[in-house]
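Source file: target_33.pdb. Holds: PDB, C-alpha atoms.
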MODEL        1
ATOM      1  CA  MET N 544       9.693   4.323  20.723
ATOM      2  CA  THR N 545      11.254   7.109  18.687
ATOM      3  CA  ARG N 546      12.807   4.628  16.268
ATOM      4  CA  LEU N 547       9.377   3.080  15.667
ATOM      5  CA  PHE N 548       7.911   6.502  14.928
ATOM      6  CA  LEU N 549      10.707   7.317  12.446
ATOM      7  CA  LEU N 550      10.799   3.850  10.849
ATOM      8  CA  PRO N 551       8.522   4.534   7.823
ATOM      9  CA  GLY N 552      10.542   7.585   6.792
ATOM     10  CA  ASP N 553      13.820   5.755   7.305
ATOM     11  CA  LEU N 554      12.689   2.842   5.133
ATOM     12  CA  ILE N 555      11.616   5.171   2.328
ATOM     13  CA  CYS N 556      14.886   7.134   2.505
ATOM     14  CA  ASP N 557      16.840   3.877   2.356
ATOM     15  CA  ALA N 558      14.818   2.865  -0.719
ATOM     16  CA  PHE N 559      15.736   6.178  -2.396
ATOM     17  CA  GLY N 560      19.395   5.591  -1.525
ATOM     18  CA  LEU N 561      19.791   8.497   0.893
ATOM     19  CA  ARG N 562      22.348   7.250   3.385
ATOM     20  CA  GLY N 563      23.830   8.955   6.418
ATOM     21  CA  GLU N 564      22.392  11.932   8.213
ATOM     22  CA  SER N 565      22.370  14.490   5.411
ATOM     23  CA  ASP N 566      19.956  17.420   5.389
ATOM     24  CA  HIS N 567      18.157  15.952   2.382
ATOM     25  CA  ARG N 568      17.498  12.715   4.247
ATOM     26  CA  GLN N 569      16.227  14.557   7.325
ATOM     27  CA  ILE N 570      13.810  16.673   5.300
ATOM     28  CA  LEU N 571      12.540  13.753   3.216
ATOM     29  CA  ARG N 572      12.180  11.543   6.291
ATOM     30  CA  SER N 573      10.194  14.255   8.085
ATOM     31  CA  PHE N 574       7.929  14.727   5.070
ATOM     32  CA  PHE N 575       7.158  11.037   4.649
ATOM     33  CA  ASN N 576       6.636  10.496   8.375
ATOM     34  CA  MET N 577       4.212  13.424   8.442
ATOM     35  CA  MET N 578       2.285  12.013   5.472
ATOM     36  CA  ILE N 579       2.148   8.438   6.802
ATOM     37  CA  TRP N 580       1.331   9.193  10.461
ATOM     38  CA  GLY N 581      -1.055  11.985   9.453
ATOM     39  CA  GLY N 582      -2.924   9.579   7.176
ATOM     40  CA  ILE N 583      -3.120   6.976   9.916
ATOM     41  CA  SER N 584      -4.377   9.582  12.400
ATOM     42  CA  ILE N 585      -7.079  10.786  10.021
ATOM     43  CA  ALA N 586      -8.165   7.202   9.280
ATOM     44  CA  VAL N 587      -8.442   6.426  12.990
ATOM     45  CA  ALA N 588     -10.385   9.626  13.650
ATOM     46  CA  LEU N 589     -12.808   8.919  10.799
ATOM     47  CA  LYS N 590     -13.305   5.350  11.955
ATOM     48  CA  ALA N 591     -13.999   6.552  15.491
ATOM     49  CA  MET N 592     -16.684   8.918  14.167
ATOM     50  CA  LEU N 593     -18.579   6.140  12.406
TER      51      LEU N 593
ENDMDL
END

Go ahead and express the file in the form of structure tokens.
Amino acid sequence: MTRLFLLPGDLICDAFGLRGESDHRQILRSFFNMMIWGGISIAVALKAML
């Protein structure tokens, strides 16, 4: 389940060429996961309100 949650950030980091478990990869992965899952959460909440 955790791997599914981190998948979008991992794919984006791989596309940028950040390999391994460096601090830069961790920060960028966290940022992109927050943006993607936050956007999905907001979309679901807005759809539920309508």

Output check: residues returned by the PyMOL selection byres ((chain N and resi 575-591) around 8), as a ChimeraX atom specification:
/N:548-549,551-552,555,571-574,592-593

A straight line from atom CA of N:Phe559 to atom CA of N:Met544 spans 24.0 Å

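Straight-line separation from atom CA of N:Arg568 to atom CA of N:Thr545: 16.7 Å.
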